[in-house]
Structure formats: structure tokens, C-alpha cells
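This is entry-v8.csv (CSV, N, CA and C atoms).
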```csv
chain,number,residue,atom,x,y,z
A,18,MET,N,4.6,9.1,-3.1
A,18,MET,CA,3.7,7.9,-3.3
A,18,MET,C,3.4,7.3,-1.9
A,19,GLN,N,4.3,7.4,-1.0
A,19,GLN,CA,4.0,6.9,0.3
A,19,GLN,C,2.8,7.6,1.0
A,20,GLU,N,2.7,8.9,0.8
A,20,GLU,CA,1.6,9.6,1.4
A,20,GLU,C,0.3,9.1,0.7
A,21,PHE,N,0.3,8.9,-0.6
A,21,PHE,CA,-0.9,8.4,-1.3
A,21,PHE,C,-1.3,7.0,-0.7
A,22,LEU,N,-0.3,6.1,-0.5
A,22,LEU,CA,-0.6,4.8,0.0
A,22,LEU,C,-1.2,4.9,1.4
A,23,GLU,N,-0.6,5.7,2.2
A,23,GLU,CA,-1.1,5.9,3.6
A,23,GLU,C,-2.5,6.4,3.6
A,24,TYR,N,-2.8,7.3,2.7
A,24,TYR,CA,-4.2,7.9,2.7
A,24,TYR,C,-5.2,6.8,2.3
A,25,VAL,N,-4.9,6.0,1.2
A,25,VAL,CA,-5.8,5.0,0.7
A,25,VAL,C,-6.0,3.9,1.8
A,26,VAL,N,-4.9,3.4,2.3
A,26,VAL,CA,-5.0,2.2,3.2
A,26,VAL,C,-5.6,2.7,4.5
A,27,LYS,N,-5.3,3.8,5.1
A,27,LYS,CA,-5.8,4.2,6.4
A,27,LYS,C,-7.3,4.5,6.3
A,28,ASN,N,-7.8,4.8,5.1
A,28,ASN,CA,-9.3,5.0,4.9
A,28,ASN,C,-10.0,3.7,4.7
A,29,LEU,N,-9.3,2.6,4.5
A,29,LEU,CA,-9.9,1.3,4.3
A,29,LEU,C,-10.1,0.5,5.6
A,30,VAL,N,-9.1,0.7,6.5
A,30,VAL,CA,-9.0,-0.1,7.7
A,30,VAL,C,-9.8,0.4,8.9
A,31,GLU,N,-10.0,-0.4,9.9
A,31,GLU,CA,-10.6,0.0,11.1
A,31,GLU,C,-9.6,0.6,12.1
A,32,TRP,N,-8.4,0.1,12.1
A,32,TRP,CA,-7.3,0.6,13.0
A,32,TRP,C,-6.2,1.3,12.1
A,33,PRO,N,-6.5,2.6,11.7
A,33,PRO,CA,-5.5,3.3,10.9
A,33,PRO,C,-4.2,3.5,11.6
A,34,GLU,N,-4.2,3.6,12.9
A,34,GLU,CA,-2.9,3.8,13.7
A,34,GLU,C,-2.0,2.7,13.6
A,35,ASP,N,-2.5,1.5,13.2
A,35,ASP,CA,-1.6,0.3,13.0
A,35,ASP,C,-1.0,0.2,11.6
A,36,VAL,N,-1.3,1.1,10.7
A,36,VAL,CA,-0.8,1.0,9.3
A,36,VAL,C,0.6,1.5,9.3
A,37,VAL,N,1.5,0.7,8.8
A,37,VAL,CA,3.0,1.0,8.7
A,37,VAL,C,3.4,0.7,7.3
A,38,ILE,N,3.9,1.8,6.6
A,38,ILE,CA,4.4,1.6,5.2
A,38,ILE,C,5.9,2.0,5.3
A,39,THR,N,6.7,1.0,4.9
A,39,THR,CA,8.2,1.2,4.9
A,39,THR,C,8.7,1.1,3.4
A,40,PRO,N,9.3,2.2,2.9
A,40,PRO,CA,9.9,2.2,1.6
A,40,PRO,C,11.3,1.6,1.7
A,41,VAL,N,11.6,0.7,0.7
A,41,VAL,CA,12.9,0.0,0.6
A,41,VAL,C,13.3,0.1,-0.8
A,42,GLU,N,14.6,0.6,-1.1
A,42,GLU,CA,15.1,0.6,-2.4
A,42,GLU,C,15.7,-0.7,-2.8
A,43,ARG,N,15.2,-1.3,-3.9
A,43,ARG,CA,15.8,-2.6,-4.4
A,43,ARG,C,15.9,-2.5,-6.0
A,44,ASN,N,17.0,-2.7,-6.5
A,44,ASN,CA,17.3,-2.8,-7.9
A,44,ASN,C,16.7,-1.6,-8.7
A,45,GLY,N,16.8,-0.5,-8.2
A,45,GLY,CA,16.3,0.7,-8.9
A,45,GLY,C,14.8,1.0,-8.7
A,46,SER,N,14.1,0.2,-7.9
A,46,SER,CA,12.7,0.3,-7.7
A,46,SER,C,12.5,0.6,-6.2
A,47,THR,N,11.4,1.2,-5.9
A,47,THR,CA,11.0,1.5,-4.5
A,47,THR,C,10.0,0.4,-4.2
A,48,VAL,N,10.3,-0.4,-3.2
A,48,VAL,CA,9.3,-1.4,-2.7
A,48,VAL,C,8.7,-0.9,-1.4
A,49,TYR,N,7.4,-0.8,-1.4
A,49,TYR,CA,6.7,-0.3,-0.2
A,49,TYR,C,6.2,-1.5,0.5
A,50,GLU,N,6.7,-1.7,1.7
A,50,GLU,CA,6.2,-2.9,2.6
A,50,GLU,C,5.1,-2.4,3.5
A,51,LEU,N,3.9,-3.0,3.3
A,51,LEU,CA,2.7,-2.6,4.0
A,51,LEU,C,2.5,-3.6,5.2
A,52,GLN,N,2.2,-3.0,6.4
A,52,GLN,CA,1.8,-3.8,7.5
A,52,GLN,C,0.6,-3.2,8.1
A,53,VAL,N,-0.4,-4.0,8.4
A,53,VAL,CA,-1.7,-3.6,9.0
A,53,VAL,C,-2.0,-4.5,10.1
A,54,ASN,N,-3.0,-4.1,10.9
A,54,ASN,CA,-3.5,-4.9,12.0
A,54,ASN,C,-4.0,-6.2,11.4
A,55,PRO,N,-3.7,-7.4,12.0
A,55,PRO,CA,-4.2,-8.7,11.4
A,55,PRO,C,-5.7,-8.7,11.1
A,56,ALA,N,-6.5,-8.0,11.9
A,56,ALA,CA,-7.9,-8.0,11.7
A,56,ALA,C,-8.3,-7.2,10.5
A,57,ASP,N,-7.4,-6.3,10.0
A,57,ASP,CA,-7.7,-5.5,8.8
A,57,ASP,C,-7.2,-6.1,7.5
A,58,ALA,N,-6.4,-7.2,7.6
A,58,ALA,CA,-5.8,-7.7,6.5
A,58,ALA,C,-6.8,-8.1,5.4
A,59,ALA,N,-7.9,-8.7,5.8
A,59,ALA,CA,-8.9,-9.1,4.8
A,59,ALA,C,-9.5,-7.9,4.1
A,60,ARG,N,-9.7,-6.8,4.8
A,60,ARG,CA,-10.2,-5.5,4.2
A,60,ARG,C,-9.2,-5.0,3.1
A,61,VAL,N,-8.0,-5.0,3.4
A,61,VAL,CA,-7.0,-4.5,2.4
A,61,VAL,C,-6.8,-5.4,1.2
A,62,ILE,N,-6.9,-6.7,1.5
A,62,ILE,CA,-6.7,-7.7,0.4
A,62,ILE,C,-8.0,-7.7,-0.5
A,63,GLY,N,-9.1,-7.8,0.1
A,63,GLY,CA,-10.4,-7.8,-0.7
A,63,GLY,C,-10.7,-9.2,-1.2
A,64,ARG,N,-11.8,-9.3,-1.9
A,64,ARG,CA,-12.2,-10.6,-2.4
A,64,ARG,C,-11.3,-11.0,-3.6
A,65,LYS,N,-10.7,-12.1,-3.5
A,65,LYS,CA,-9.7,-12.6,-4.5
A,65,LYS,C,-8.6,-11.6,-4.8
A,66,GLY,N,-8.3,-10.8,-3.9
A,66,GLY,CA,-7.2,-9.8,-4.0
A,66,GLY,C,-7.6,-8.6,-4.8
A,67,SER,N,-8.8,-8.4,-5.0
A,67,SER,CA,-9.2,-7.3,-5.9
A,67,SER,C,-8.8,-5.9,-5.4
A,68,THR,N,-9.0,-5.7,-4.1
A,68,THR,CA,-8.6,-4.4,-3.5
A,68,THR,C,-7.1,-4.1,-3.5
A,69,ILE,N,-6.3,-5.1,-3.1
A,69,ILE,CA,-4.9,-4.9,-3.1
A,69,ILE,C,-4.4,-4.7,-4.5
A,70,ASN,N,-4.9,-5.4,-5.5
A,70,ASN,CA,-4.5,-5.3,-6.9
A,70,ASN,C,-4.9,-3.9,-7.4
A,71,ALA,N,-6.0,-3.4,-7.0
A,71,ALA,CA,-6.4,-2.0,-7.5
A,71,ALA,C,-5.4,-1.0,-6.9
A,72,ILE,N,-5.1,-1.2,-5.6
A,72,ILE,CA,-4.1,-0.2,-5.0
A,72,ILE,C,-2.7,-0.3,-5.7
A,73,ARG,N,-2.3,-1.6,-6.0
A,73,ARG,CA,-1.1,-1.7,-6.7
A,73,ARG,C,-1.1,-1.1,-8.1
A,74,ALA,N,-2.2,-1.2,-8.8
A,74,ALA,CA,-2.4,-0.6,-10.1
A,74,ALA,C,-2.3,0.9,-10.0
A,75,LEU,N,-2.9,1.5,-9.0
A,75,LEU,CA,-2.8,3.0,-8.8
A,75,LEU,C,-1.4,3.4,-8.5
A,76,LEU,N,-0.7,2.6,-7.7
A,76,LEU,CA,0.7,2.9,-7.3
A,76,LEU,C,1.6,2.9,-8.5
A,77,VAL,N,1.4,1.8,-9.4
A,77,VAL,CA,2.3,1.7,-10.6
A,77,VAL,C,2.0,2.9,-11.5
A,78,ALA,N,0.7,3.2,-11.7
A,78,ALA,CA,0.4,4.3,-12.6
A,78,ALA,C,0.9,5.6,-12.1
A,79,GLY,N,0.7,5.9,-10.8
A,79,GLY,CA,1.2,7.1,-10.3
A,79,GLY,C,2.7,7.3,-10.3
A,80,SER,N,3.4,6.2,-10.0
A,80,SER,CA,4.9,6.3,-10.0
A,80,SER,C,5.4,6.4,-11.4
A,81,ALA,N,4.8,5.7,-12.3
A,81,ALA,CA,5.2,5.8,-13.7
A,81,ALA,C,5.0,7.2,-14.3
A,82,LYS,N,4.0,7.9,-13.8
A,82,LYS,CA,3.8,9.3,-14.2
A,82,LYS,C,4.9,10.2,-13.7
A,83,GLN,N,5.5,9.8,-12.6
A,83,GLN,CA,6.6,10.6,-12.0
A,83,GLN,C,8.0,10.0,-12.6
A,84,GLY,N,7.9,9.0,-13.4
A,84,GLY,CA,9.2,8.5,-14.0
A,84,GLY,C,9.9,7.5,-13.0
A,85,LYS,N,9.2,7.0,-12.1
A,85,LYS,CA,9.8,6.0,-11.1
A,85,LYS,C,9.1,4.7,-11.3
A,86,ARG,N,9.7,3.7,-10.5
A,86,ARG,CA,9.1,2.4,-10.5
A,86,ARG,C,8.8,2.0,-9.1
A,87,SER,N,7.6,1.5,-8.8
A,87,SER,CA,7.3,1.2,-7.4
A,87,SER,C,6.5,-0.1,-7.4
A,88,ILE,N,6.7,-0.8,-6.2
A,88,ILE,CA,6.0,-2.1,-6.0
A,88,ILE,C,5.4,-2.1,-4.6
A,89,LEU,N,4.3,-2.8,-4.4
A,89,LEU,CA,3.7,-2.9,-3.1
A,89,LEU,C,3.7,-4.3,-2.6
A,90,GLU,N,4.3,-4.5,-1.4
A,90,GLU,CA,4.3,-5.9,-0.8
A,90,GLU,C,3.4,-5.9,0.4
```
Would you kindly transcribe this structure into C-alpha cells?
Amino acid sequence: MQEFLEYVVKNLVEWPEDVVITPVERNGSTVYELQVNPADAARVIGRKGSTINAIRALLVAGSAKQGKRSILE
């Protein structure tokens, strides 16, 4: 799932080399901590959070298909 997140986010931002995704295990779930260049934050979040919510929905669906639980912060 980390590769999927990197692919999606790096294609959204202007500075893909600044994208850092760190997986952390918490309470049986994988939490992916996303860091981007501050200038790209608005692109990743989108209007009213629509872009980040869509990415989260894809992550949850993909990880559920693999029998896992994932969260994006």
C-alpha cells in the first residue's frame, strides 16, 4: 500500500522528491504518516479535503481487499 500512496501523491505534487511516507504499526493497523513540501499541502488536501479523503478511501478499500487495516495521517 505504501507504493500505491507514493505513486498517487507524487503525481499530485510539484516537488515529488519531498514526499515522505512513513508506515507505523498501531493497535493492529498500519498508519501511514504523509509529509509533503508545505507548498504542496493544498494540492494534496484539495478543496474542503476532497482529494485527501479520496486518497484515504482508496487506501481503506485497497487494504481491506488484502485483509488489512490502514489509516492515512
Shell of 5 Å around region 23-39 of chain A, all atoms listed in the file, local chain residues under 3 positions omitted, as an NGL selection string: :A and (19-20 or 49-54)
Calculated over only C-alpha atoms, which of the candidates A:Ala56, A:Leu76, A:Ile88, A:Val41 has the smallest distance to Met18 (chain A)?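 Of the candidates, the smallest distance to Met18 (chain A) is held by A:Leu76.
Separating CA of Ser80 (chain A) from atom N of Pro55 (chain A) is a distance of 27.3 Å.
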Could you tell me how far atom N of Thr68 (chain A) sits from CA of Lys82 (chain A), in Å to one decimal place? 22.2 Å
Residues at most 7 Å from Val48 (chain A), counting all atoms listed in the file, excluding those fewer than 5 positions away in the same chain, as a PyMOL selection string? chain A and resi 39-43+86-90
Which value, in Å to one decimal, gives the distance between CA of Ala58 (chain A) and CA of Gln83 (chain A)?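 Spanning CA of Ala58 (chain A) to CA of Gln83 (chain A) is a straight-line distance of 28.8 Å.
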As a ChimeraX atom specification, list the residues of chain A assigned to helix (DSSP H, G or I) by DSSP on the backbone atoms of this structure. /A:19-29,33-35,55-62,64-82
In chain A, what's strand (DSSP E) per DSSP? Answer as a list in words? Val37, Ile38, Thr39, Pro40, Val41, Glu42, Arg43, Ser46, Thr47, Val48, Tyr49, Glu50, Leu51, Gln52, Ser87, Ile88 and Leu89 of chain A
Completion of region 66-77 of chain A up to all heavy atoms, as a PDB file, in the coordinates of the input:
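Contents of selection.pdb, as written:
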```pdb
ATOM      1  N   GLY A  66      -8.300 -10.800  -3.900  1.00  0.00           N
ATOM      2  CA  GLY A  66      -7.200  -9.800  -4.000  1.00  0.00           C
ATOM      3  C   GLY A  66      -7.600  -8.600  -4.800  1.00  0.00           C
ATOM      4  O   GLY A  66      -6.666  -7.865  -5.272  1.00  0.00           O
ATOM      5  N   SER A  67      -8.800  -8.400  -5.000  1.00  0.00           N
ATOM      6  CA  SER A  67      -9.200  -7.300  -5.900  1.00  0.00           C
ATOM      7  C   SER A  67      -8.800  -5.900  -5.400  1.00  0.00           C
ATOM      8  O   SER A  67      -8.372  -5.016  -6.109  1.00  0.00           O
ATOM      9  CB  SER A  67     -10.736  -7.290  -6.166  1.00  0.00           C
ATOM     10  OG  SER A  67     -11.441  -7.155  -4.943  1.00  0.00           O
ATOM     11  N   THR A  68      -9.000  -5.700  -4.100  1.00  0.00           N
ATOM     12  CA  THR A  68      -8.600  -4.400  -3.500  1.00  0.00           C
ATOM     13  C   THR A  68      -7.100  -4.100  -3.500  1.00  0.00           C
ATOM     14  O   THR A  68      -6.703  -3.029  -3.958  1.00  0.00           O
ATOM     15  CB  THR A  68      -9.136  -4.290  -2.023  1.00  0.00           C
ATOM     16  OG1 THR A  68     -10.542  -4.574  -2.002  1.00  0.00           O
ATOM     17  CG2 THR A  68      -8.897  -2.920  -1.438  1.00  0.00           C
ATOM     18  N   ILE A  69      -6.300  -5.100  -3.100  1.00  0.00           N
ATOM     19  CA  ILE A  69      -4.900  -4.900  -3.100  1.00  0.00           C
ATOM     20  C   ILE A  69      -4.400  -4.700  -4.500  1.00  0.00           C
ATOM     21  O   ILE A  69      -3.451  -3.935  -4.801  1.00  0.00           O
ATOM     22  CB  ILE A  69      -4.136  -5.975  -2.333  1.00  0.00           C
ATOM     23  CG1 ILE A  69      -2.694  -5.566  -2.039  1.00  0.00           C
ATOM     24  CG2 ILE A  69      -4.164  -7.289  -3.069  1.00  0.00           C
ATOM     25  CD1 ILE A  69      -2.540  -4.460  -1.069  1.00  0.00           C
ATOM     26  N   ASN A  70      -4.900  -5.400  -5.500  1.00  0.00           N
ATOM     27  CA  ASN A  70      -4.500  -5.300  -6.900  1.00  0.00           C
ATOM     28  C   ASN A  70      -4.900  -3.900  -7.400  1.00  0.00           C
ATOM     29  O   ASN A  70      -4.111  -3.364  -8.229  1.00  0.00           O
ATOM     30  CB  ASN A  70      -5.132  -6.411  -7.740  1.00  0.00           C
ATOM     31  CG  ASN A  70      -4.466  -7.748  -7.496  1.00  0.00           C
ATOM     32  OD1 ASN A  70      -3.310  -7.810  -7.074  1.00  0.00           O
ATOM     33  ND2 ASN A  70      -5.190  -8.828  -7.735  1.00  0.00           N
ATOM     34  N   ALA A  71      -6.000  -3.400  -7.000  1.00  0.00           N
ATOM     35  CA  ALA A  71      -6.400  -2.000  -7.500  1.00  0.00           C
ATOM     36  C   ALA A  71      -5.400  -1.000  -6.900  1.00  0.00           C
ATOM     37  O   ALA A  71      -5.013  -0.057  -7.570  1.00  0.00           O
ATOM     38  CB  ALA A  71      -7.818  -1.719  -7.039  1.00  0.00           C
ATOM     39  N   ILE A  72      -5.100  -1.200  -5.600  1.00  0.00           N
ATOM     40  CA  ILE A  72      -4.100  -0.200  -5.000  1.00  0.00           C
ATOM     41  C   ILE A  72      -2.700  -0.300  -5.700  1.00  0.00           C
ATOM     42  O   ILE A  72      -2.094   0.670  -5.958  1.00  0.00           O
ATOM     43  CB  ILE A  72      -3.948  -0.550  -3.472  1.00  0.00           C
ATOM     44  CG1 ILE A  72      -5.262  -0.262  -2.752  1.00  0.00           C
ATOM     45  CG2 ILE A  72      -2.818   0.263  -2.865  1.00  0.00           C
ATOM     46  CD1 ILE A  72      -5.304  -0.748  -1.319  1.00  0.00           C
ATOM     47  N   ARG A  73      -2.300  -1.600  -6.000  1.00  0.00           N
ATOM     48  CA  ARG A  73      -1.100  -1.700  -6.700  1.00  0.00           C
ATOM     49  C   ARG A  73      -1.100  -1.100  -8.100  1.00  0.00           C
ATOM     50  O   ARG A  73      -0.125  -0.457  -8.539  1.00  0.00           O
ATOM     51  CB  ARG A  73      -0.754  -3.227  -6.897  1.00  0.00           C
ATOM     52  CG  ARG A  73      -0.265  -3.873  -5.639  1.00  0.00           C
ATOM     53  CD  ARG A  73       0.011  -5.349  -5.844  1.00  0.00           C
ATOM     54  NE  ARG A  73       0.574  -5.932  -4.652  1.00  0.00           N
ATOM     55  CZ  ARG A  73       0.297  -7.154  -4.224  1.00  0.00           C
ATOM     56  NH1 ARG A  73      -0.521  -7.938  -4.900  1.00  0.00           N
ATOM     57  NH2 ARG A  73       0.845  -7.602  -3.120  1.00  0.00           N
ATOM     58  N   ALA A  74      -2.200  -1.200  -8.800  1.00  0.00           N
ATOM     59  CA  ALA A  74      -2.400  -0.600 -10.100  1.00  0.00           C
ATOM     60  C   ALA A  74      -2.300   0.900 -10.000  1.00  0.00           C
ATOM     61  O   ALA A  74      -1.598   1.566 -10.867  1.00  0.00           O
ATOM     62  CB  ALA A  74      -3.677  -1.005 -10.774  1.00  0.00           C
ATOM     63  N   LEU A  75      -2.900   1.500  -9.000  1.00  0.00           N
ATOM     64  CA  LEU A  75      -2.800   3.000  -8.800  1.00  0.00           C
ATOM     65  C   LEU A  75      -1.400   3.400  -8.500  1.00  0.00           C
ATOM     66  O   LEU A  75      -0.920   4.429  -8.988  1.00  0.00           O
ATOM     67  CB  LEU A  75      -3.770   3.403  -7.745  1.00  0.00           C
ATOM     68  CG  LEU A  75      -5.257   3.307  -8.068  1.00  0.00           C
ATOM     69  CD1 LEU A  75      -6.090   3.565  -6.823  1.00  0.00           C
ATOM     70  CD2 LEU A  75      -5.616   4.292  -9.171  1.00  0.00           C
ATOM     71  N   LEU A  76      -0.700   2.600  -7.700  1.00  0.00           N
ATOM     72  CA  LEU A  76       0.700   2.900  -7.300  1.00  0.00           C
ATOM     73  C   LEU A  76       1.600   2.900  -8.500  1.00  0.00           C
ATOM     74  O   LEU A  76       2.394   3.776  -8.754  1.00  0.00           O
ATOM     75  CB  LEU A  76       1.171   1.933  -6.266  1.00  0.00           C
ATOM     76  CG  LEU A  76       2.635   2.064  -5.870  1.00  0.00           C
ATOM     77  CD1 LEU A  76       2.879   3.388  -5.154  1.00  0.00           C
ATOM     78  CD2 LEU A  76       3.060   0.903  -5.002  1.00  0.00           C
ATOM     79  N   VAL A  77       1.400   1.800  -9.400  1.00  0.00           N
ATOM     80  CA  VAL A  77       2.300   1.700 -10.600  1.00  0.00           C
ATOM     81  C   VAL A  77       2.000   2.900 -11.500  1.00  0.00           C
ATOM     82  O   VAL A  77       2.937   3.463 -12.073  1.00  0.00           O
ATOM     83  CB  VAL A  77       2.032   0.341 -11.242  1.00  0.00           C
ATOM     84  CG1 VAL A  77       2.646   0.299 -12.620  1.00  0.00           C
ATOM     85  CG2 VAL A  77       2.581  -0.779 -10.378  1.00  0.00           C
TER      86      VAL A  77
END
```
